[in-house]
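Visitor: Data file coords24.cif (mmCIF, C-alpha atoms) is appended below.
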```
data_query
loop_
_atom_site.label_atom_id
_atom_site.label_comp_id
_atom_site.auth_asym_id
_atom_site.auth_seq_id
_atom_site.Cartn_x
_atom_site.Cartn_y
_atom_site.Cartn_z
CA MET A 724 0.00 0.00 0.00
CA PRO A 725 1.55 3.41 -0.99
CA ASP A 726 2.59 5.88 1.70
CA SER A 727 0.14 8.72 2.32
CA ASP A 728 0.96 12.17 0.97
CA PRO A 729 1.89 14.31 4.01
CA THR A 730 0.81 17.51 2.27
CA ALA A 731 -2.56 16.05 1.33
CA ASP A 732 -2.95 14.85 4.92
CA MET A 733 -2.09 18.34 6.15
CA ILE A 734 -4.66 19.98 3.87
CA GLU A 735 -7.30 17.46 4.94
CA GLN A 736 -6.70 18.23 8.63
CA LEU A 737 -6.73 22.00 8.09
CA ASP A 738 -9.74 22.14 5.77
CA LEU A 739 -12.63 23.37 7.91
CA GLY A 740 -15.44 22.83 5.43
CA PRO A 741 -17.88 24.98 3.47
CA ASP A 742 -18.74 28.67 3.48
CA PRO A 743 -20.34 29.39 6.88
CA TYR A 744 -22.49 32.23 5.45
CA PRO A 745 -24.13 30.67 2.37
CA ALA A 746 -27.35 32.65 2.79
CA LEU A 747 -25.67 35.99 2.08
CA PRO A 748 -27.09 37.56 -1.09
CA VAL A 749 -24.82 37.86 -4.10
CA ILE A 750 -24.28 41.55 -4.82
CA PRO A 751 -23.03 42.96 -8.14
CA PRO A 752 -19.68 44.76 -8.33
CA GLU A 753 -21.43 48.06 -8.96
CA ALA A 754 -23.02 47.80 -5.51
CA LEU A 755 -19.60 48.07 -3.84
CA ARG A 756 -18.72 51.34 -2.11
CA ASP A 757 -15.55 53.13 -1.11
CA GLY A 758 -14.36 51.65 2.18
CA ASP A 759 -16.08 48.29 1.84
CA VAL A 760 -14.05 45.51 3.46
CA LEU A 761 -13.67 42.25 1.55
CA MET A 762 -13.10 39.16 3.68
CA MET A 763 -11.88 36.10 1.77
CA LEU A 764 -10.68 32.55 2.16
CA GLY A 765 -7.76 31.90 -0.16
CA GLN A 766 -6.99 28.62 -1.86
CA GLY A 767 -3.37 29.31 -2.66
CA ILE A 768 -0.27 27.30 -1.83
CA SER A 769 3.16 28.76 -1.07
CA TRP A 770 6.16 26.64 -1.97
CA ILE A 771 9.43 25.97 -0.16
CA GLY A 772 11.41 24.22 -2.82
CA LYS A 773 9.16 21.27 -3.58
CA LEU A 774 7.27 21.52 -0.28
CA PRO A 775 3.84 23.20 -0.46
CA VAL A 776 2.37 25.19 2.43
CA PRO A 777 -1.45 25.62 2.52
CA VAL A 778 -1.13 29.08 4.06
CA SER A 779 -4.76 30.20 3.80
CA LEU A 780 -6.12 26.99 5.31
CA LEU A 781 -3.49 27.24 8.06
CA ILE A 782 -4.65 30.77 8.92
CA ARG A 783 -8.28 29.72 9.04
CA ALA A 784 -7.59 26.63 11.12
CA LEU A 785 -5.58 28.58 13.71
CA ASP A 786 -7.81 31.66 13.71
CA GLY A 787 -11.10 29.84 14.09
CA GLY A 788 -12.98 32.08 11.66
CA ALA A 789 -14.14 31.96 8.05
CA TYR A 790 -11.31 33.86 6.38
CA SER A 791 -7.61 34.13 5.66
CA HIS A 792 -7.46 37.51 3.95
CA SER A 793 -8.83 41.05 4.19
CA ALA A 794 -8.79 43.93 1.70
CA VAL A 795 -10.43 47.34 1.29
CA VAL A 796 -12.28 48.65 -1.78
CA SER A 797 -12.08 52.04 -3.43
CA ILE A 798 -13.88 53.17 -6.57
CA ILE A 799 -11.44 54.44 -9.22
CA ASP A 800 -12.75 55.81 -12.54
CA GLY A 801 -16.09 54.21 -11.78
CA GLU A 802 -14.65 50.73 -11.19
CA PRO A 803 -14.21 49.00 -7.82
CA LYS A 804 -10.55 48.33 -7.05
CA VAL A 805 -9.12 46.12 -4.34
CA TRP A 806 -6.20 47.44 -2.29
CA ASP A 807 -3.89 44.46 -2.45
CA HIS A 808 -0.52 43.93 -4.11
CA SER A 809 0.20 45.91 -7.27
CA ASP A 810 3.74 44.55 -7.39
CA ASP A 811 5.60 41.95 -5.33
CA TRP A 812 5.53 43.04 -1.67
CA LEU A 813 3.98 46.45 -2.46
CA LEU A 814 0.48 47.70 -1.67
CA GLY A 815 -1.70 49.19 -4.39
CA PRO A 816 -5.09 48.94 -6.10
CA VAL A 817 -5.79 46.00 -8.40
CA SER A 818 -8.89 45.07 -10.40
CA LEU A 819 -11.75 43.43 -8.55
CA ARG A 820 -11.23 40.28 -10.63
CA ASP A 821 -7.54 40.04 -9.70
CA GLY A 822 -8.29 40.90 -6.10
CA ILE A 823 -10.83 38.15 -5.43
CA ARG A 824 -10.07 35.32 -7.87
CA ASN A 825 -8.44 32.17 -6.52
CA HIS A 826 -10.49 32.45 -3.33
CA ALA A 827 -13.09 30.01 -2.07
CA TRP A 828 -15.43 32.87 -1.14
CA CYS A 829 -15.51 36.65 -0.69
CA HIS A 830 -17.91 38.41 1.66
CA VAL A 831 -18.52 42.16 1.80
CA TYR A 832 -18.48 44.02 5.12
CA ARG A 833 -19.31 47.69 5.66
CA LEU A 834 -18.48 50.06 8.51
CA PHE A 835 -21.43 50.39 10.89
CA LYS A 836 -20.76 52.43 13.99
CA HIS A 837 -22.93 54.58 16.27
CA GLY A 838 -25.91 53.60 14.13
CA GLU A 839 -24.40 54.92 10.88
CA HIS A 840 -22.79 53.28 7.87
CA ALA A 841 -19.78 54.35 5.86
CA GLY A 842 -21.09 56.96 3.44
CA SER A 843 -23.16 58.78 6.06
CA SER A 844 -22.58 62.39 7.10
CA ARG A 845 -20.59 61.24 10.14
CA TYR A 846 -18.57 58.65 8.20
CA PRO A 847 -18.05 59.94 4.66
CA CYS A 848 -15.92 57.61 2.53
CA PRO A 849 -13.27 60.01 1.10
CA PRO A 850 -11.20 60.00 4.33
CA ILE A 851 -10.89 56.19 4.10
CA VAL A 852 -9.77 56.39 0.47
CA LYS A 853 -7.30 59.15 1.37
CA VAL A 854 -5.58 56.85 3.87
CA LEU A 855 -5.37 54.04 1.30
CA ASN A 856 -3.69 56.35 -1.18
CA GLU A 857 -1.25 57.46 1.51
CA ARG A 858 -0.26 53.80 2.04
CA ARG A 859 0.25 53.08 -1.67
CA GLY A 860 3.63 51.41 -2.21
CA ASP A 861 3.98 50.27 1.41
CA ARG A 862 5.69 46.92 1.89
CA TYR A 863 2.99 44.29 2.04
CA ASP A 864 2.69 40.61 2.95
CA THR A 865 1.44 39.36 -0.42
CA LYS A 866 1.83 35.66 0.41
CA LEU A 867 0.07 35.80 3.81
CA LEU A 868 3.08 34.14 5.43
CA LEU A 869 3.37 36.80 8.11
CA MET A 870 -0.37 36.64 8.70
CA ALA A 871 -0.09 32.90 9.36
CA ALA A 872 2.71 33.53 11.84
CA VAL A 873 0.81 36.31 13.63
CA VAL A 874 -2.35 34.23 13.89
CA ALA A 875 -0.32 31.36 15.36
CA VAL A 876 0.98 33.68 18.09
CA VAL A 877 -2.33 35.33 19.03
CA SER A 878 -4.51 32.19 18.81
CA ARG A 879 -4.86 29.03 20.86
CA MET A 880 -3.02 25.88 19.91
CA PRO A 881 -5.40 23.52 18.04
CA ALA A 882 -6.96 21.04 20.45
CA ASN A 883 -7.23 18.21 17.94
CA PRO A 884 -3.87 16.38 17.89
CA LEU A 885 -3.98 15.70 14.15
CA ALA A 886 -4.86 19.30 13.31
CA ARG A 887 -2.23 20.52 15.77
CA GLU A 888 0.50 18.45 14.15
CA ALA A 889 -0.60 19.53 10.66
CA ALA A 890 -0.50 23.17 11.80
CA ARG A 891 2.91 22.71 13.41
CA VAL A 892 4.42 21.24 10.23
CA ALA A 893 2.84 23.98 8.10
CA LEU A 894 4.14 26.67 10.46
CA ASP A 895 7.65 25.23 10.36
CA ARG A 896 7.52 25.43 6.57
CA ALA A 897 6.09 28.96 6.64
CA VAL A 898 8.88 30.14 8.97
CA GLU A 899 11.45 28.56 6.68
CA LEU A 900 10.01 30.49 3.75
CA ILE A 901 9.84 33.78 5.71
CA ASN A 902 13.50 33.42 6.65
CA ALA A 903 14.43 32.53 3.08
CA TYR A 904 12.77 35.71 1.81
CA LEU A 905 14.46 37.76 4.52
CA ASP A 906 17.85 36.27 3.65
CA ARG A 907 17.33 37.32 0.04
CA GLN A 908 16.10 40.73 1.20
CA ASP A 909 12.85 40.31 -0.70
CA ILE A 910 10.98 41.62 2.33
CA ARG A 911 11.93 44.28 4.85
CA SER A 912 11.01 45.35 8.36
CA ASN A 913 7.76 47.20 9.04
CA MET A 914 5.85 45.24 6.40
CA LEU A 915 2.07 45.38 6.75
CA ILE A 916 -0.16 42.33 6.89
CA CYS A 917 -3.53 42.54 5.14
CA THR A 918 -5.61 43.09 8.27
CA ALA A 919 -3.25 45.92 9.27
CA VAL A 920 -4.07 47.73 6.02
CA THR A 921 -7.77 47.39 6.84
CA GLY A 922 -7.22 48.56 10.40
CA LEU A 923 -5.11 51.56 9.38
CA ALA A 924 -7.60 52.63 6.70
CA PHE A 925 -10.15 53.24 9.44
CA TRP A 926 -7.84 54.22 12.33
CA ASN A 927 -6.22 57.03 10.32
CA ALA A 928 -9.39 58.25 8.57
CA VAL A 929 -10.49 61.65 9.87
CA ASN A 930 -13.73 63.52 9.27
CA GLU A 931 -14.36 65.59 12.41
CA GLU A 932 -12.74 63.64 15.25
CA PRO A 933 -9.44 61.70 15.03
CA HIS A 934 -9.93 57.91 15.10
CA ASP A 935 -13.73 58.20 15.02
CA TYR A 936 -13.80 55.57 12.24
CA ALA A 937 -11.64 53.13 14.25
CA LEU A 938 -12.75 49.51 14.04
CA GLU A 939 -13.41 47.75 17.34
CA VAL A 940 -12.66 44.12 18.13
CA ASP A 941 -13.30 41.93 21.16
CA ILE A 942 -9.81 41.30 22.52
CA GLN A 943 -11.14 38.69 24.95
CA ARG A 944 -13.04 36.64 22.35
CA ARG A 945 -10.26 34.23 21.45
CA GLY A 946 -8.84 33.84 24.96
CA ALA A 947 -5.13 33.63 25.73
CA GLY A 948 -2.80 32.05 23.21
CA ASP A 949 0.57 30.37 23.64
CA ASP A 950 -0.89 27.08 24.92
CA HIS A 951 1.89 24.54 25.12
CA GLY A 952 2.14 20.90 26.04
CA SER A 953 2.28 19.35 22.59
CA GLU A 954 5.62 17.92 21.52
CA GLY A 955 7.36 20.34 19.20
CA TRP A 956 4.76 23.12 19.47
CA GLU A 957 6.77 25.31 21.84
CA GLU A 958 9.85 24.97 19.64
CA THR A 959 7.83 25.90 16.56
CA MET A 960 6.34 28.95 18.31
CA ALA A 961 9.83 30.11 19.27
CA LYS A 962 10.81 29.95 15.59
CA VAL A 963 7.65 31.86 14.63
CA LYS A 964 8.36 34.65 17.11
CA ALA A 965 11.99 34.88 16.03
CA ALA A 966 10.97 35.23 12.38
CA LEU A 967 8.41 37.92 13.21
CA THR A 968 11.02 39.82 15.20
CA ARG A 969 13.28 39.82 12.13
CA VAL A 970 10.47 41.53 10.20
CA TRP A 971 9.30 43.81 13.02
CA PRO A 972 12.07 44.54 15.58
CA ASP A 973 9.44 45.95 17.94
CA PHE A 974 7.33 42.78 17.72
CA PRO A 975 8.26 41.53 21.25
CA ASP A 976 7.12 44.85 22.74
CA GLU A 977 3.90 44.82 20.70
CA LEU A 978 3.18 41.24 21.74
CA ALA A 979 3.75 42.15 25.39
CA ARG A 980 1.31 45.05 24.99
CA PHE A 981 -1.21 42.70 23.38
CA ARG A 982 -0.86 40.20 26.25
CA LYS A 983 -1.30 42.98 28.81
CA THR A 984 -4.50 44.06 27.09
CA GLN A 985 -5.76 40.46 27.10
CA ALA A 986 -5.04 40.18 30.81
CA SER A 987 -6.88 43.42 31.59
CA ASN A 988 -10.62 44.02 31.80
CA ALA A 989 -10.62 45.51 28.30
CA SER A 990 -13.05 43.88 25.91
CA TRP A 991 -13.84 45.96 22.83
CA VAL A 992 -10.70 47.81 21.81
CA GLU A 993 -9.80 49.99 18.85
CA VAL A 994 -7.68 48.51 16.07
CA GLY A 995 -4.58 50.70 15.85
CA GLY A 996 -5.04 52.24 19.28
CA PRO A 997 -2.63 51.96 22.21
CA LEU A 998 -4.15 48.63 23.31
CA LEU A 999 -4.01 46.79 19.96
CA PRO A 1000 -1.20 47.13 17.39
CA VAL A 1001 -2.52 46.79 13.84
CA ASN A 1002 -0.16 43.95 12.93
CA LEU A 1003 -1.64 41.74 15.66
CA VAL A 1004 -5.18 41.82 14.28
CA SER A 1005 -6.46 38.56 12.78
CA PRO A 1006 -9.15 37.97 10.14
CA SER A 1007 -11.56 36.60 12.76
CA ASP A 1008 -11.15 39.81 14.79
CA LEU A 1009 -12.59 41.70 11.82
CA GLU A 1010 -15.18 39.01 11.07
CA PHE A 1011 -16.71 39.38 14.53
CA SER A 1012 -16.17 43.13 14.94
CA ARG A 1013 -19.23 45.00 16.14
CA THR A 1014 -18.23 47.88 13.83
CA LEU A 1015 -18.41 45.90 10.58
CA GLU A 1016 -21.71 44.70 9.13
CA ARG A 1017 -21.88 41.74 6.74
CA VAL A 1018 -23.85 42.91 3.68
CA GLY A 1019 -23.38 40.31 0.93
CA ARG A 1020 -21.02 38.17 -1.09
CA LEU A 1021 -19.32 38.50 -4.45
CA HIS A 1022 -19.31 35.96 -7.25
CA ILE A 1023 -15.80 34.53 -7.59
CA PRO A 1024 -14.60 34.71 -11.22
CA GLN A 1025 -13.34 31.50 -12.76
#
```
Rewrite the structure of this file - the entire thing - as structure tokens.
Guide:
Amino acid sequence: MPDSDPTADMIEQLDLGPDPYPALPVIPPEALRDGDVLMMLGQGISWIGKLPVPVSLLIRALDGGAYSHSAVVSIIDGEPKVWDHSDDWLLGPVSLRDGIRNHAWCHVYRLFKHGEHAGSSRYPCPPIVKVLNERRGDRYDTKLLLMAAVVAVVSRMPANPLAREAARVALDRAVELINAYLDRQDIRSNMLICTAVTGLAFWNAVNEEPHDYALEVDIQRRGAGDDHGSEGWEETMAKVKAALTRVWPDFPDELARFRKTQASNASWVEVGGPLLPVNLVSPSDLEFSRTLERVGRLHIPQ
């Protein structure tokens, strides 16, 4: 009997099933607005030599939500554009088709805060778009490798032993690839992950009051991370943290601030504020934010 394929086994353990929001109405592209947040589950694989890493499934399995990726929309020349990678490791607007293809699903979320949506008199959309344009060309985690590492740090260790081992192997591979990119200087410090772009778009937007658009997430929802006890998990997490520190030298301080916030009585905190650094926000934080309303889904182009 032939040996099992370890990568196929890994994907099987990390695959969490179908779209959890199938009843969402399909909305046409022309219904999108400036500042809409697209939440997606990717289907891509990153490669380390001949070893594939199912990064998007890894993120979803560790994060416990529906998504692996976040992006913000702006309307340019009448067409919705997705603020994603315009070039390797750089942030910029791409076509809607390029921004959402190769994903299992894409759901549309819209700012809803103090009883008003984005586009209202209190939350006009131009300030959000202004921030996006200011971030154009920023270094950006196009392969979601840093997102996978961040989610591993801020989330609980998978309880299922098979899923835990699959996640550990995938994380080891992801760290190897992060370090390989760093060694070739393909990525630099202060790179933004996708959820950080979303967080900053709202944290830095100003109409009347600074940070009035700020997204809010429940910092206590996921509970404390860093569970240990599984053979090899602690060693893998040490590698993850070391790789993230190579990208963000202030990562240990930001993680300590995050842990302090978790240990406090704080519940709903602002993304980008003093209690929650933007690069420690996960897709599920945005999915369950009380300041984002789920309004529909987009058809994924073939």
Visitor: Tell me which of A:Ala886, A:Ile771, A:Leu764, A:Leu999 sits closest to A:Asn902, counting all atoms listed in the file.
Guide: A:Ile771
Visitor: Mind giving me the straight-line distance from atom CA of A:Val817 to atom CA of A:Ser1005 in Å, one decimal?
Guide: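 Separating atom CA of A:Val817 from atom CA of A:Ser1005 is a distance of 22.5 Å.
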Visitor: Hey, which of A:Asp811, A:Ser878, A:Asn856, A:Pro743 ends up closest to A:Ile799? Count all atoms listed in the file.
Guide: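 The shortest atom-to-atom distance to A:Ile799 comes from A:Asn856.
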Visitor: Please check which residues have atoms at most 7 Å from (-3.3, 49.9, 3.4) in the file's coordinates, counting all atoms listed in the file, and write them as a ChimeraX atom specification.
Guide: /A:806,814,855,858-859,920-921,923-924
Visitor: If you keep C-alpha atoms, can you produce a file of those selected residues as a PDB file, keeping the file's coordinate frame?
Guide:
```pdb
ATOM      1  CA  TRP A 806      -6.200  47.440  -2.290  1.00  0.00           C
ATOM      2  CA  LEU A 814       0.480  47.700  -1.670  1.00  0.00           C
ATOM      3  CA  LEU A 855      -5.370  54.040   1.300  1.00  0.00           C
ATOM      4  CA  ARG A 858      -0.260  53.800   2.040  1.00  0.00           C
ATOM      5  CA  ARG A 859       0.250  53.080  -1.670  1.00  0.00           C
ATOM      6  CA  VAL A 920      -4.070  47.730   6.020  1.00  0.00           C
ATOM      7  CA  THR A 921      -7.770  47.390   6.840  1.00  0.00           C
ATOM      8  CA  LEU A 923      -5.110  51.560   9.380  1.00  0.00           C
ATOM      9  CA  ALA A 924      -7.600  52.630   6.700  1.00  0.00           C
TER      10      ALA A 924
END
```
Visitor: Check the smallest atom-to-atom distance from each of A:Ala871, A:Leu900, A:Leu905, A:Leu834 to A:Thr1014 using only C-alpha atoms, then report the winner.
Guide: A:Leu834
Visitor: Kindly give the distance, in Å, that separates atom CA of A:Phe974 and atom CA of A:Leu1003, rounded to a single decimal.
Guide: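 A separation of 9.3 Å between them.
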Visitor: May I ask which of the residues A:Ala889, A:Asn927, A:Glu957, A:Gln908 is the closest one to A:Glu857, counting only C-alpha atoms?
Guide: A:Asn927
Visitor: Can you spell out as a ChimeraX atom specification the set of residues that the PyMOL selection byres ((chain A and resi 986) around 12) selects in the structure I just provided?
Guide: /A:942-943,946-948,979-985,987-990,998
Visitor: Could you write out that same residue set with C-alpha atoms as a CSV table (one decimal), keeping the file's coordinate frame?
Guide:
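This is the output file again06.csv:
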```csv
chain,number,residue,atom,x,y,z
A,942,ILE,CA,-9.8,41.3,22.5
A,943,GLN,CA,-11.1,38.7,25.0
A,946,GLY,CA,-8.8,33.8,25.0
A,947,ALA,CA,-5.1,33.6,25.7
A,948,GLY,CA,-2.8,32.0,23.2
A,979,ALA,CA,3.8,42.2,25.4
A,980,ARG,CA,1.3,45.0,25.0
A,981,PHE,CA,-1.2,42.7,23.4
A,982,ARG,CA,-0.9,40.2,26.2
A,983,LYS,CA,-1.3,43.0,28.8
A,984,THR,CA,-4.5,44.1,27.1
A,985,GLN,CA,-5.8,40.5,27.1
A,987,SER,CA,-6.9,43.4,31.6
A,988,ASN,CA,-10.6,44.0,31.8
A,989,ALA,CA,-10.6,45.5,28.3
A,990,SER,CA,-13.0,43.9,25.9
A,998,LEU,CA,-4.2,48.6,23.3
```
Visitor: Applied to the shown file, which residues does the PyMOL selection byres ((chain A and resi 894) around 10) return, written as JSON, numbers by chain?
Guide: {"A": [776, 777, 778, 781, 782, 868, 871, 872, 875, 888, 889, 890, 891, 892, 893, 895, 896, 897, 898, 899, 900, 956, 959, 960, 962, 963]}
Visitor: Counting all atoms listed in the file, figure out which residue out of A:Val795, A:Met870, A:Val992, A:Val831 gets nearest to A:Arg944.
Guide: A:Val992
Visitor: Have a look at A:Arg833, A:Arg1020, A:His840, A:Lys804 and name the one nearest to A:Leu819; count all atoms listed in the file.
Guide: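 So, comparing all the options, the nearest one is A:Lys804.
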Visitor: Please write the residues picked by the PyMOL selection byres ((chain A and resi 845) around 12) on this file as an MDAnalysis selection string.
Guide: chainID A and resid 834:844 846:850 928:932 935:936
Visitor: Which polymer residues have any atom within 9 Å of an atom of A:Leu739, counting only C-alpha atoms, with same-chain residues fewer than 4 positions away left out, as a list in words?
Guide: Glu735, Leu780, Arg783, Ala784 and Ala789 of chain A
Visitor: Would you kindly return, as a count of residues only, each protein, DNA or RNA residue with an atom no farther than 7 Å from any atom of A:Ser779, considering all atoms listed in the file and excluding same-chain residues fewer than 5 positions away?
Guide: 5
Visitor: May I ask for the distance between atom CA of A:Gln1025 and atom CA of A:Asn825, given in Å to one decimal place?
Guide: 8.0 Å
Visitor: Find the spatial neighbours of A:Leu1009, counting only C-alpha atoms, within a cut-off of 12 Å - ignore same-chain residues fewer than 6 positions away - and output them as a PDB file with C-alpha atoms, in the coordinates of the input.
Guide:
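Saved as around_17.pdb:
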```pdb
ATOM      1  CA  VAL A 760     -14.050  45.510   3.460  1.00  0.00           C
ATOM      2  CA  LEU A 761     -13.670  42.250   1.550  1.00  0.00           C
ATOM      3  CA  MET A 762     -13.100  39.160   3.680  1.00  0.00           C
ATOM      4  CA  MET A 763     -11.880  36.100   1.770  1.00  0.00           C
ATOM      5  CA  ASP A 786      -7.810  31.660  13.710  1.00  0.00           C
ATOM      6  CA  GLY A 788     -12.980  32.080  11.660  1.00  0.00           C
ATOM      7  CA  ALA A 789     -14.140  31.960   8.050  1.00  0.00           C
ATOM      8  CA  TYR A 790     -11.310  33.860   6.380  1.00  0.00           C
ATOM      9  CA  SER A 791      -7.610  34.130   5.660  1.00  0.00           C
ATOM     10  CA  HIS A 792      -7.460  37.510   3.950  1.00  0.00           C
ATOM     11  CA  SER A 793      -8.830  41.050   4.190  1.00  0.00           C
ATOM     12  CA  ALA A 794      -8.790  43.930   1.700  1.00  0.00           C
ATOM     13  CA  HIS A 830     -17.910  38.410   1.660  1.00  0.00           C
ATOM     14  CA  VAL A 831     -18.520  42.160   1.800  1.00  0.00           C
ATOM     15  CA  TYR A 832     -18.480  44.020   5.120  1.00  0.00           C
ATOM     16  CA  ARG A 833     -19.310  47.690   5.660  1.00  0.00           C
ATOM     17  CA  LEU A 834     -18.480  50.060   8.510  1.00  0.00           C
ATOM     18  CA  CYS A 917      -3.530  42.540   5.140  1.00  0.00           C
ATOM     19  CA  THR A 918      -5.610  43.090   8.270  1.00  0.00           C
ATOM     20  CA  ALA A 919      -3.250  45.920   9.270  1.00  0.00           C
ATOM     21  CA  VAL A 920      -4.070  47.730   6.020  1.00  0.00           C
ATOM     22  CA  THR A 921      -7.770  47.390   6.840  1.00  0.00           C
ATOM     23  CA  GLY A 922      -7.220  48.560  10.400  1.00  0.00           C
ATOM     24  CA  ALA A 937     -11.640  53.130  14.250  1.00  0.00           C
ATOM     25  CA  LEU A 938     -12.750  49.510  14.040  1.00  0.00           C
ATOM     26  CA  GLU A 939     -13.410  47.750  17.340  1.00  0.00           C
ATOM     27  CA  VAL A 940     -12.660  44.120  18.130  1.00  0.00           C
ATOM     28  CA  ASP A 941     -13.300  41.930  21.160  1.00  0.00           C
ATOM     29  CA  ILE A 942      -9.810  41.300  22.520  1.00  0.00           C
ATOM     30  CA  ARG A 944     -13.040  36.640  22.350  1.00  0.00           C
ATOM     31  CA  TRP A 991     -13.840  45.960  22.830  1.00  0.00           C
ATOM     32  CA  VAL A 992     -10.700  47.810  21.810  1.00  0.00           C
ATOM     33  CA  GLU A 993      -9.800  49.990  18.850  1.00  0.00           C
ATOM     34  CA  VAL A 994      -7.680  48.510  16.070  1.00  0.00           C
ATOM     35  CA  VAL A1001      -2.520  46.790  13.840  1.00  0.00           C
ATOM     36  CA  LEU A1003      -1.640  41.740  15.660  1.00  0.00           C
ATOM     37  CA  LEU A1015     -18.410  45.900  10.580  1.00  0.00           C
ATOM     38  CA  GLU A1016     -21.710  44.700   9.130  1.00  0.00           C
ATOM     39  CA  ARG A1017     -21.880  41.740   6.740  1.00  0.00           C
TER      40      ARG A1017
END
```
Visitor: Since the input is missing atoms, can you rebuild N, CA and C atoms for stretch 835-846 of chain A and write them as a compact mmCIF listing (two decimals), in the frame of the given file?
Guide:
```txt
# COMPACT_ATOMS: atom_id res chain seq x y z
N PHE A 835 -20.17 50.03 10.24
CA PHE A 835 -21.43 50.39 10.89
C PHE A 835 -21.11 50.71 12.34
N LYS A 836 -21.21 51.98 12.67
CA LYS A 836 -20.76 52.43 13.99
C LYS A 836 -21.65 53.58 14.45
N HIS A 837 -22.04 53.55 15.72
CA HIS A 837 -22.93 54.58 16.27
C HIS A 837 -24.19 54.72 15.42
N GLY A 838 -24.67 53.59 14.89
CA GLY A 838 -25.91 53.60 14.13
C GLY A 838 -25.79 54.14 12.71
N GLU A 839 -24.58 54.37 12.21
CA GLU A 839 -24.40 54.92 10.88
C GLU A 839 -23.41 54.09 10.08
N HIS A 840 -23.68 54.00 8.77
CA HIS A 840 -22.79 53.28 7.87
C HIS A 840 -21.74 54.21 7.26
N ALA A 841 -20.70 53.60 6.71
CA ALA A 841 -19.78 54.35 5.86
C ALA A 841 -20.58 54.95 4.73
N GLY A 842 -20.32 56.23 4.45
CA GLY A 842 -21.09 56.96 3.44
C GLY A 842 -22.09 57.92 4.05
N SER A 843 -22.25 57.86 5.37
CA SER A 843 -23.16 58.78 6.06
C SER A 843 -22.45 60.12 6.28
N SER A 844 -23.18 61.07 6.84
CA SER A 844 -22.58 62.39 7.10
C SER A 844 -21.49 62.30 8.16
N ARG A 845 -21.63 61.38 9.11
CA ARG A 845 -20.59 61.24 10.14
C ARG A 845 -19.39 60.47 9.60
N TYR A 846 -19.65 59.49 8.72
CA TYR A 846 -18.57 58.65 8.20
C TYR A 846 -18.50 58.71 6.67
```
